[in-house]
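Trainee: See model-v7.txt below, with compact mmCIF, C-alpha atoms and all ligand atoms.
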```
# COMPACT_ATOMS: atom_id res chain seq x y z
CA MET A 1 -42.79 -55.43 -40.18
CA ALA A 2 -46.49 -56.19 -40.27
CA ASP A 3 -48.13 -52.85 -39.67
CA ARG A 4 -51.22 -54.05 -37.81
CA PRO A 5 -50.86 -53.93 -34.02
CA TYR A 6 -50.55 -57.44 -32.56
CA ILE A 7 -52.53 -58.07 -29.35
CA VAL A 8 -51.88 -61.43 -27.71
CA GLY A 9 -53.65 -62.84 -24.66
CA ASN A 10 -51.70 -65.19 -22.38
CA TRP A 11 -54.17 -67.18 -20.29
CA LYS A 12 -51.36 -68.75 -18.23
CA MET A 13 -52.68 -71.58 -15.99
CA ASN A 14 -56.27 -70.43 -16.32
CA GLY A 15 -59.18 -71.91 -18.20
CA THR A 16 -61.23 -75.03 -18.59
CA ARG A 17 -63.72 -75.73 -21.39
CA ALA A 18 -66.11 -73.32 -19.68
CA MET A 19 -63.84 -70.54 -20.92
CA LEU A 20 -64.30 -71.42 -24.58
CA SER A 21 -67.20 -68.96 -24.70
CA GLU A 22 -64.71 -66.13 -23.98
CA ALA A 23 -62.52 -67.26 -26.89
CA ARG A 24 -65.60 -67.40 -29.14
CA ALA A 25 -66.67 -63.90 -28.12
CA ILE A 26 -63.15 -62.53 -28.73
CA ASP A 27 -63.08 -64.19 -32.15
CA ARG A 28 -66.49 -62.85 -33.21
CA SER A 29 -65.49 -59.28 -32.35
CA ALA A 30 -62.00 -59.62 -33.82
CA GLN A 31 -63.70 -60.35 -37.14
CA ARG A 32 -65.00 -56.79 -37.08
CA LEU A 33 -61.66 -55.34 -35.98
CA MET A 34 -59.54 -56.20 -38.95
CA LYS A 35 -57.05 -53.42 -38.20
CA VAL A 36 -55.69 -55.47 -35.30
CA GLU A 37 -54.08 -58.92 -35.33
CA VAL A 38 -55.46 -60.80 -32.32
CA ALA A 39 -54.23 -64.04 -30.78
CA LEU A 40 -54.73 -66.15 -27.67
CA ALA A 41 -52.37 -68.54 -25.88
CA PRO A 42 -54.59 -70.80 -23.74
CA PRO A 43 -53.13 -73.64 -21.64
CA PHE A 44 -52.05 -76.74 -23.61
CA THR A 45 -55.27 -78.52 -22.65
CA LEU A 46 -57.42 -75.97 -24.50
CA ILE A 47 -55.35 -75.28 -27.62
CA HIS A 48 -57.14 -77.79 -29.82
CA ALA A 49 -60.59 -76.79 -28.59
CA VAL A 50 -59.92 -73.05 -29.03
CA HIS A 51 -58.43 -73.73 -32.48
CA ARG A 52 -61.67 -75.48 -33.49
CA GLU A 53 -63.88 -72.71 -32.11
CA VAL A 54 -62.24 -69.68 -33.71
CA GLU A 55 -61.93 -68.48 -37.29
CA GLN A 56 -60.18 -65.15 -37.13
CA ILE A 57 -57.76 -65.07 -34.25
CA GLY A 58 -54.42 -66.88 -33.90
CA VAL A 59 -53.98 -69.64 -31.34
CA GLY A 60 -50.69 -70.41 -29.64
CA ALA A 61 -48.99 -72.16 -26.73
CA GLN A 62 -47.19 -70.79 -23.69
CA ASP A 63 -44.13 -73.06 -23.84
CA CYS A 64 -42.65 -76.09 -25.56
CA HIS A 65 -39.76 -78.50 -24.97
CA SER A 66 -36.49 -78.07 -26.84
CA GLY A 67 -36.25 -81.71 -27.92
CA PRO A 68 -38.14 -83.59 -30.64
CA ASP A 69 -39.52 -86.52 -28.59
CA GLY A 70 -38.56 -89.04 -25.93
CA ALA A 71 -38.58 -89.70 -22.22
CA ASN A 72 -39.64 -86.29 -20.96
CA THR A 73 -42.62 -86.90 -18.73
CA GLY A 74 -45.09 -84.04 -18.75
CA ASP A 75 -43.39 -82.12 -21.55
CA ILE A 76 -44.77 -81.13 -24.95
CA SER A 77 -42.57 -80.84 -28.05
CA ALA A 78 -42.80 -78.04 -30.59
CA ALA A 79 -44.12 -80.47 -33.20
CA MET A 80 -46.88 -81.56 -30.78
CA VAL A 81 -47.76 -77.91 -30.18
CA ALA A 82 -48.04 -77.37 -33.93
CA ASP A 83 -50.06 -80.58 -34.32
CA SER A 84 -52.58 -79.34 -31.73
CA GLY A 85 -53.46 -76.41 -34.00
CA ALA A 86 -51.18 -73.75 -32.49
CA LYS A 87 -49.45 -71.37 -34.86
CA PHE A 88 -47.13 -69.71 -32.36
CA VAL A 89 -45.52 -70.24 -28.98
CA ILE A 90 -44.55 -67.83 -26.20
CA LEU A 91 -41.02 -68.62 -25.01
CA GLY A 92 -38.80 -67.22 -22.26
CA HIS A 93 -41.69 -65.81 -20.23
CA SER A 94 -40.36 -64.56 -16.88
CA GLU A 95 -42.59 -67.04 -15.03
CA ARG A 96 -40.81 -69.87 -16.89
CA ARG A 97 -37.41 -68.29 -16.33
CA GLN A 98 -38.04 -67.69 -12.60
CA ASP A 99 -40.23 -70.63 -11.58
CA HIS A 100 -38.64 -73.28 -13.80
CA GLY A 101 -35.06 -72.02 -13.90
CA GLU A 102 -35.03 -71.53 -17.67
CA SER A 103 -31.71 -70.08 -18.82
CA ASN A 104 -31.14 -67.98 -21.92
CA ALA A 105 -29.45 -71.00 -23.54
CA LEU A 106 -32.50 -73.20 -22.89
CA VAL A 107 -34.84 -70.51 -24.22
CA GLN A 108 -32.71 -70.28 -27.36
CA SER A 109 -32.86 -74.03 -27.93
CA LYS A 110 -36.65 -73.99 -27.49
CA ILE A 111 -36.88 -71.18 -30.05
CA ASN A 112 -34.77 -73.15 -32.51
CA ALA A 113 -37.06 -76.18 -32.04
CA ALA A 114 -40.20 -74.08 -32.43
CA ILE A 115 -39.01 -72.50 -35.66
CA GLU A 116 -37.99 -75.90 -36.99
CA ALA A 117 -41.58 -77.06 -36.28
CA GLY A 118 -43.00 -74.15 -38.28
CA LEU A 119 -44.23 -72.13 -35.30
CA ARG A 120 -44.00 -68.38 -34.89
CA VAL A 121 -42.33 -67.34 -31.64
CA ILE A 122 -42.95 -64.60 -29.09
CA LEU A 123 -39.68 -64.25 -27.19
CA CYS A 124 -40.10 -62.55 -23.81
CA CYS A 125 -37.49 -60.48 -22.05
CA GLY A 126 -37.51 -58.10 -19.10
CA GLU A 127 -35.72 -56.93 -16.00
CA THR A 128 -36.42 -57.22 -12.29
CA GLU A 129 -37.23 -54.16 -10.22
CA GLU A 130 -33.76 -54.32 -8.68
CA THR A 131 -32.12 -54.15 -12.11
CA ARG A 132 -34.41 -51.27 -13.14
CA ASP A 133 -33.50 -49.37 -9.98
CA SER A 134 -29.80 -49.96 -10.57
CA GLY A 135 -30.07 -48.14 -13.93
CA ASP A 136 -28.85 -51.20 -15.84
CA ALA A 137 -32.17 -52.35 -17.33
CA GLU A 138 -31.38 -51.75 -21.03
CA ASN A 139 -28.02 -53.43 -20.80
CA TYR A 140 -29.53 -56.39 -18.95
CA VAL A 141 -32.40 -56.88 -21.41
CA CYS A 142 -30.13 -56.58 -24.46
CA ASN A 143 -27.77 -59.21 -23.03
CA GLN A 144 -30.70 -61.47 -22.21
CA LEU A 145 -31.88 -61.14 -25.80
CA LYS A 146 -28.43 -61.67 -27.36
CA GLU A 147 -28.20 -64.99 -25.55
CA SER A 148 -31.80 -66.08 -26.26
CA LEU A 149 -32.32 -65.08 -29.90
CA PRO A 150 -32.56 -67.90 -32.46
CA SER A 151 -29.24 -69.35 -33.64
CA ASP A 152 -30.14 -68.83 -37.29
CA PHE A 153 -32.01 -65.55 -37.68
CA ASN A 154 -32.47 -66.09 -41.43
CA LYS A 155 -34.85 -68.95 -40.68
CA ALA A 156 -36.67 -66.96 -38.00
CA GLU A 157 -36.97 -63.45 -39.37
CA GLU A 158 -40.66 -63.60 -40.29
CA ALA A 159 -41.46 -65.86 -37.36
CA LEU A 160 -40.08 -63.75 -34.55
CA THR A 161 -41.81 -61.27 -32.24
CA ILE A 162 -40.20 -59.90 -29.09
CA ALA A 163 -42.19 -59.01 -25.98
CA TYR A 164 -40.61 -56.61 -23.51
CA GLU A 165 -42.15 -57.40 -20.13
CA PRO A 166 -40.59 -55.76 -17.07
CA ILE A 167 -41.04 -58.39 -14.37
CA TRP A 168 -42.08 -55.83 -11.78
CA ALA A 169 -45.00 -54.76 -14.01
CA ILE A 170 -46.44 -58.25 -14.54
CA GLY A 171 -49.69 -58.69 -12.66
CA THR A 172 -48.90 -55.80 -10.31
CA GLY A 173 -50.96 -52.96 -11.81
CA ARG A 174 -47.73 -50.94 -12.14
CA THR A 175 -46.37 -49.91 -15.53
CA PRO A 176 -43.24 -48.10 -16.73
CA THR A 177 -43.65 -44.58 -18.11
CA VAL A 178 -44.18 -44.23 -21.85
CA ASP A 179 -40.68 -42.69 -22.02
CA ASP A 180 -39.14 -45.74 -20.33
CA ILE A 181 -41.00 -48.10 -22.65
CA GLU A 182 -39.87 -46.14 -25.71
CA SER A 183 -36.31 -46.06 -24.53
CA MET A 184 -36.23 -49.84 -23.95
CA HIS A 185 -37.95 -50.62 -27.26
CA LYS A 186 -35.48 -48.38 -29.10
CA ALA A 187 -32.57 -50.16 -27.37
CA ILE A 188 -34.01 -53.52 -28.49
CA ARG A 189 -34.48 -52.24 -32.05
CA SER A 190 -30.88 -50.96 -32.12
CA LEU A 191 -29.64 -54.33 -30.91
CA LEU A 192 -31.57 -56.11 -33.68
CA ILE A 193 -30.18 -53.69 -36.28
CA SER A 194 -26.62 -54.21 -35.05
CA LEU A 195 -27.05 -58.00 -35.18
CA TYR A 196 -29.05 -58.43 -38.39
CA GLY A 197 -29.08 -55.16 -40.32
CA ALA A 198 -31.87 -52.61 -40.65
CA GLU A 199 -33.99 -54.42 -43.22
CA GLN A 200 -34.17 -57.72 -41.38
CA ALA A 201 -34.51 -56.08 -37.97
CA ALA A 202 -37.54 -54.17 -39.25
CA GLU A 203 -39.39 -57.49 -39.68
CA VAL A 204 -39.45 -58.06 -35.93
CA ARG A 205 -42.36 -56.62 -33.96
CA ILE A 206 -41.69 -55.58 -30.39
CA LEU A 207 -44.65 -55.87 -28.01
CA TYR A 208 -45.02 -54.40 -24.55
CA GLY A 209 -46.38 -56.56 -21.70
CA GLY A 210 -47.07 -55.86 -18.03
CA SER A 211 -50.40 -54.75 -16.52
CA VAL A 212 -51.91 -53.66 -19.84
CA LYS A 213 -55.62 -52.94 -19.31
CA PRO A 214 -58.38 -51.30 -21.35
CA GLU A 215 -57.82 -48.07 -19.37
CA ASN A 216 -54.09 -47.72 -20.11
CA ALA A 217 -53.82 -49.56 -23.43
CA LYS A 218 -54.13 -46.54 -25.70
CA GLU A 219 -51.36 -44.66 -23.93
CA LEU A 220 -49.00 -47.65 -23.71
CA LEU A 221 -49.60 -48.62 -27.33
CA SER A 222 -48.88 -45.07 -28.48
CA ALA A 223 -45.21 -45.39 -27.46
CA ALA A 224 -42.74 -45.40 -30.34
CA GLU A 225 -41.63 -48.89 -31.45
CA VAL A 226 -44.50 -50.59 -29.59
CA GLY A 227 -46.08 -52.98 -32.10
CA GLY A 228 -48.73 -54.37 -29.79
CA ALA A 229 -49.21 -55.93 -26.37
CA LEU A 230 -48.84 -59.24 -24.57
CA VAL A 231 -51.67 -59.33 -22.04
CA GLY A 232 -52.04 -61.62 -19.02
CA GLY A 233 -54.80 -60.93 -16.49
CA ALA A 234 -56.86 -58.66 -18.73
CA SER A 235 -57.08 -61.36 -21.44
CA LEU A 236 -59.18 -63.68 -19.29
CA THR A 237 -62.52 -62.13 -20.15
CA ALA A 238 -63.68 -61.13 -23.60
CA GLU A 239 -64.87 -57.82 -22.21
CA SER A 240 -61.51 -56.60 -20.89
CA PHE A 241 -59.43 -58.16 -23.67
CA LEU A 242 -61.63 -56.60 -26.35
CA GLY A 243 -61.28 -53.26 -24.57
CA ILE A 244 -57.55 -53.50 -25.29
CA VAL A 245 -58.10 -54.68 -28.86
CA ILE A 246 -60.42 -51.71 -29.48
CA ALA A 247 -57.83 -49.32 -27.99
CA ALA A 248 -55.30 -50.72 -30.47
CA ALA A 249 -57.58 -50.35 -33.52
C1 LIG A 301 -47.75 -61.55 -18.76
O1 LIG A 301 -47.53 -62.30 -17.82
O2 LIG A 301 -47.34 -61.84 -19.90
C2 LIG A 301 -48.47 -60.32 -18.49
C3 LIG A 301 -48.25 -59.31 -19.26
O3 LIG A 301 -49.32 -60.33 -17.39
P1 LIG A 301 -50.26 -59.12 -16.90
O4 LIG A 301 -50.90 -58.51 -18.12
O5 LIG A 301 -51.25 -59.78 -16.02
O6 LIG A 301 -49.37 -58.14 -16.21
```
Mind turning this structure into C-alpha cells?

Mentor:
Amino acid sequence: MADRPYIVGNWKMNGTRAMLSEARAIDRSAQRLMKVEVALAPPFTLIHAVHREVEQIGVGAQDCHSGPDGANTGDISAAMVADSGAKFVILGHSERRQDHGESNALVQSKINAAIEAGLRVILCCGETEETRDSGDAENYVCNQLKESLPSDFNKAEEALTIAYEPIWAIGTGRTPTVDDIESMHKAIRSLLISLYGAEQAAEVRILYGGSVKPENAKELLSAAEVGGALVGGASLTAESFLGIVIAAA
C-alpha cells in the first residue's frame, strides 16, 4: 500500500471556471506537501480545465457509465473520463446509490469499465443511520463491498481505493468515534484479506469520508487502517481543504 496519506476532494455539483483559482491554490501548496497525495474530483465540466491548471495533484471524476459508447444521453463513458485528463473516478458514492438508484451490480460494472479504461477507482461504501443503530453496520458494509468490488481483482489491485463513508456523517457535521472508524476499517481489511490474500489486500488503501474538516482531520486520520480522507464540503475552498492536507502531513 502506498504509505502517503491520500486526501481527495469531491466537489460534487459545485464549481464553474471561477473555482479554478481554488484548484490552482491547492496545487501550489500541495507541491510543498510532498508527504501527502492530494487529488480533486471536480464536476465533469471542469475536469479538463483543472487538469490543465495543475501540476502536482491528481484529477478525477465523480462517476462514469458502465458501457463503452452509444445511445446514452447525458452519460459519460470511462474512456471519455480518461480522455478528459482524469486519472481516477469515484464510484458508488451514496448520493449516486440513493438519488440515482445505483445497485451494487451497477457499481461493479462501472468499476470494471473504469479499470478497463486505465482509471484508478475510489469505491465508496457506507451504512445508513438506521443500519448503524441496528448494530449491523459492519455486516452491511462488507456485503455491499462484496457485491461491488471489481470482477477481476488482479487487474484492479493497484488501481483500487475504498472509501468508507457512513451516510449519516456526510454533510451533517456528525462523525463516528475513532473506535467505530477503526472497527469498520479493520472489518473491511479482513474482508479484503479473506477475498484476495494478505499481500494483495495490503495494496488497497481505505479512506474515511464524512464531515472531515481541518478541526477534526488529525484525530480522524489517526485511526488505525485509515489511509486518508474523501472530503466533500471542506474541499470547496483551498483554505479549508489545505487545512486537512496539512493535518495529514
Ligand atoms: C462526501 O460526500 O464524499 C463527503 C465526505 O462529504 P462531506 O465531507 O461534506 O461530509

Trainee: Contacts between ligand LIG 301 (chain A) and chain A, please, where a residue of chain A counts if it comes within 9 Å (with only C-alpha atoms and all ligand atoms); show its shortest atom pair and distance in Å to one decimal, rows by chain and ascending number, as CSV.

Mentor:
```
residue,atom,partner,partner_atom,distance
A:Gly9,CA,A:LIG301,O2,8.0
A:Asn10,CA,A:LIG301,O2,6.0
A:Trp11,CA,A:LIG301,O1,8.6
A:Lys12,CA,A:LIG301,O1,7.5
A:His93,CA,A:LIG301,O2,6.9
A:Ser94,CA,A:LIG301,O1,7.6
A:Glu95,CA,A:LIG301,O1,7.4
A:Cys124,CA,A:LIG301,O2,8.3
A:Ala163,CA,A:LIG301,O2,8.5
A:Glu165,CA,A:LIG301,C3,6.5
A:Pro166,CA,A:LIG301,C3,8.7
A:Ile167,CA,A:LIG301,O1,8.3
A:Trp168,CA,A:LIG301,O6,8.8
A:Ala169,CA,A:LIG301,O6,5.9
A:Ile170,CA,A:LIG301,O6,3.4
A:Gly171,CA,A:LIG301,O6,3.6
A:Thr172,CA,A:LIG301,O6,6.4
A:Gly173,CA,A:LIG301,O6,7.0
A:Arg174,CA,A:LIG301,O6,8.4
A:Thr175,CA,A:LIG301,O6,8.8
A:Tyr208,CA,A:LIG301,C3,7.9
A:Gly209,CA,A:LIG301,C3,4.1
A:Gly210,CA,A:LIG301,O6,3.7
A:Ser211,CA,A:LIG301,O6,3.6
A:Val212,CA,A:LIG301,O4,5.2
A:Lys213,CA,A:LIG301,O4,7.4
A:Ala229,CA,A:LIG301,C3,7.9
A:Leu230,CA,A:LIG301,C3,5.3
A:Val231,CA,A:LIG301,O4,4.1
A:Gly232,CA,A:LIG301,O3,3.4
A:Gly233,CA,A:LIG301,O5,3.8
A:Ala234,CA,A:LIG301,O4,6.0
A:Ser235,CA,A:LIG301,O4,7.6
```

Trainee: Pick out the closest residue to A:Ala247 from this set: A:Ile90, A:Ala217, A:Leu40, A:Ala224. Count all atoms listed in the file.

Mentor: A:Ala217

Trainee: Kindly give the distance, in Å, that separates atom CA of A:Lys186 and atom CA of A:Glu225, rounded to a single decimal.

Mentor: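 Result for atom CA of A:Lys186 versus atom CA of A:Glu225: 6.6 Å, one decimal.
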
Trainee: Calculate how many Å separate atom CA of A:Lys218 from atom CA of A:Gln200, rounding to one decimal.

Mentor: 27.7 Å

Trainee: Choose the residue, out of A:Leu123, A:Ala25, A:Met80, A:Leu149, that has the smallest atom-to-atom separation from A:Glu55; count all atoms listed in the file.

Mentor: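 That would be A:Ala25, the residue with the smallest distance to A:Glu55.
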
Trainee: Find the residues near stretch 68-78 of chain A: any atom within 9 Å, counting only C-alpha atoms, skip ones fewer than 2 places away on the same chain, and give them as a VMD selection string.

Mentor: chain A and resid 44 63 to 66 80 to 83 89 110 113 to 119

Trainee: I'd like to know which of A:Cys125, A:Leu195, A:Leu20, A:Val36 is closest to A:Gly227, using only C-alpha atoms.

Mentor: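 Residue with the minimum atom-to-atom distance to A:Gly227: A:Val36.
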
Trainee: Do you have the atom CA of A:Ala61-atom CA of A:Ala137 distance handy?

Mentor: 27.6 Å

Trainee: I'd like to know which of A:Gly228, A:Gly58, A:Pro150, A:Gly126 is closest to A:Asp27, using only C-alpha atoms.

Mentor: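 Between A:Gly228, A:Gly58, A:Pro150, A:Gly126, the residue approaching A:Asp27 most closely is A:Gly58.
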
Trainee: Please list, as an MDAnalysis selection string, the residues that have an atom at most 12 Å away from (-57.6, -74.9, -30.5) in the coordinates of this file, counting all atoms listed in the file.

Mentor: chainID A and resid 17 20 23:24 39:55 57:61 81:88

Trainee: Hey, can you spit out that residue selection with C-alpha atoms as a tab-separated table (two decimals), in the coordinates of the input?

Mentor:
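So the final result, stored in selection-v2.tsv, reads:
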```tsv
chain	number	residue	atom	x	y	z
A	17	ARG	CA	-63.72	-75.73	-21.39
A	20	LEU	CA	-64.30	-71.42	-24.58
A	23	ALA	CA	-62.52	-67.26	-26.89
A	24	ARG	CA	-65.60	-67.40	-29.14
A	39	ALA	CA	-54.23	-64.04	-30.78
A	40	LEU	CA	-54.73	-66.15	-27.67
A	41	ALA	CA	-52.37	-68.54	-25.88
A	42	PRO	CA	-54.59	-70.80	-23.74
A	43	PRO	CA	-53.13	-73.64	-21.64
A	44	PHE	CA	-52.05	-76.74	-23.61
A	45	THR	CA	-55.27	-78.52	-22.65
A	46	LEU	CA	-57.42	-75.97	-24.50
A	47	ILE	CA	-55.35	-75.28	-27.62
A	48	HIS	CA	-57.14	-77.79	-29.82
A	49	ALA	CA	-60.59	-76.79	-28.59
A	50	VAL	CA	-59.92	-73.05	-29.03
A	51	HIS	CA	-58.43	-73.73	-32.48
A	52	ARG	CA	-61.67	-75.48	-33.49
A	53	GLU	CA	-63.88	-72.71	-32.11
A	54	VAL	CA	-62.24	-69.68	-33.71
A	55	GLU	CA	-61.93	-68.48	-37.29
A	57	ILE	CA	-57.76	-65.07	-34.25
A	58	GLY	CA	-54.42	-66.88	-33.90
A	59	VAL	CA	-53.98	-69.64	-31.34
A	60	GLY	CA	-50.69	-70.41	-29.64
A	61	ALA	CA	-48.99	-72.16	-26.73
A	81	VAL	CA	-47.76	-77.91	-30.18
A	82	ALA	CA	-48.04	-77.37	-33.93
A	83	ASP	CA	-50.06	-80.58	-34.32
A	84	SER	CA	-52.58	-79.34	-31.73
A	85	GLY	CA	-53.46	-76.41	-34.00
A	86	ALA	CA	-51.18	-73.75	-32.49
A	87	LYS	CA	-49.45	-71.37	-34.86
A	88	PHE	CA	-47.13	-69.71	-32.36
```

Trainee: Hey, which of A:Met19, A:Met13, A:Val178, A:Cys142 ends up closest to A:Ser194? Count only C-alpha atoms.

Mentor: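 Nearest to A:Ser194: A:Cys142.
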
Trainee: For A:Glu138, which residue out of A:Ser151, A:Asn14, A:Val107, A:Leu191 is the nearest one, using all atoms listed in the file?

Mentor: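 Among the listed residues, the smallest separation from A:Glu138 belongs to A:Leu191.
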
Trainee: Given the point (-28.9, -54.9, -25.8) in the coordinates of this file, which residues lie within 9 Å, counting all atoms listed in the file, and how would they look as a PyMOL selection string?

Mentor: chain A and resi 138-146+187-192

Trainee: Residues of the last selection are to be written out with C-alpha atoms, as a PDB file, keeping the file's coordinate frame.

Mentor:
```pdb
ATOM      1  CA  GLU A 138     -31.380 -51.750 -21.030  1.00  0.00           C
ATOM      2  CA  ASN A 139     -28.020 -53.430 -20.800  1.00  0.00           C
ATOM      3  CA  TYR A 140     -29.530 -56.390 -18.950  1.00  0.00           C
ATOM      4  CA  VAL A 141     -32.400 -56.880 -21.410  1.00  0.00           C
ATOM      5  CA  CYS A 142     -30.130 -56.580 -24.460  1.00  0.00           C
ATOM      6  CA  ASN A 143     -27.770 -59.210 -23.030  1.00  0.00           C
ATOM      7  CA  GLN A 144     -30.700 -61.470 -22.210  1.00  0.00           C
ATOM      8  CA  LEU A 145     -31.880 -61.140 -25.800  1.00  0.00           C
ATOM      9  CA  LYS A 146     -28.430 -61.670 -27.360  1.00  0.00           C
ATOM     10  CA  ALA A 187     -32.570 -50.160 -27.370  1.00  0.00           C
ATOM     11  CA  ILE A 188     -34.010 -53.520 -28.490  1.00  0.00           C
ATOM     12  CA  ARG A 189     -34.480 -52.240 -32.050  1.00  0.00           C
ATOM     13  CA  SER A 190     -30.880 -50.960 -32.120  1.00  0.00           C
ATOM     14  CA  LEU A 191     -29.640 -54.330 -30.910  1.00  0.00           C
ATOM     15  CA  LEU A 192     -31.570 -56.110 -33.680  1.00  0.00           C
TER      16      LEU A 192
END
```

Trainee: Residues at most 6 Å from A:Leu160, counting only C-alpha atoms, excluding those fewer than 3 positions away in the same chain, as a VMD selection string?

Mentor: chain A and resid 121 156 to 157 204
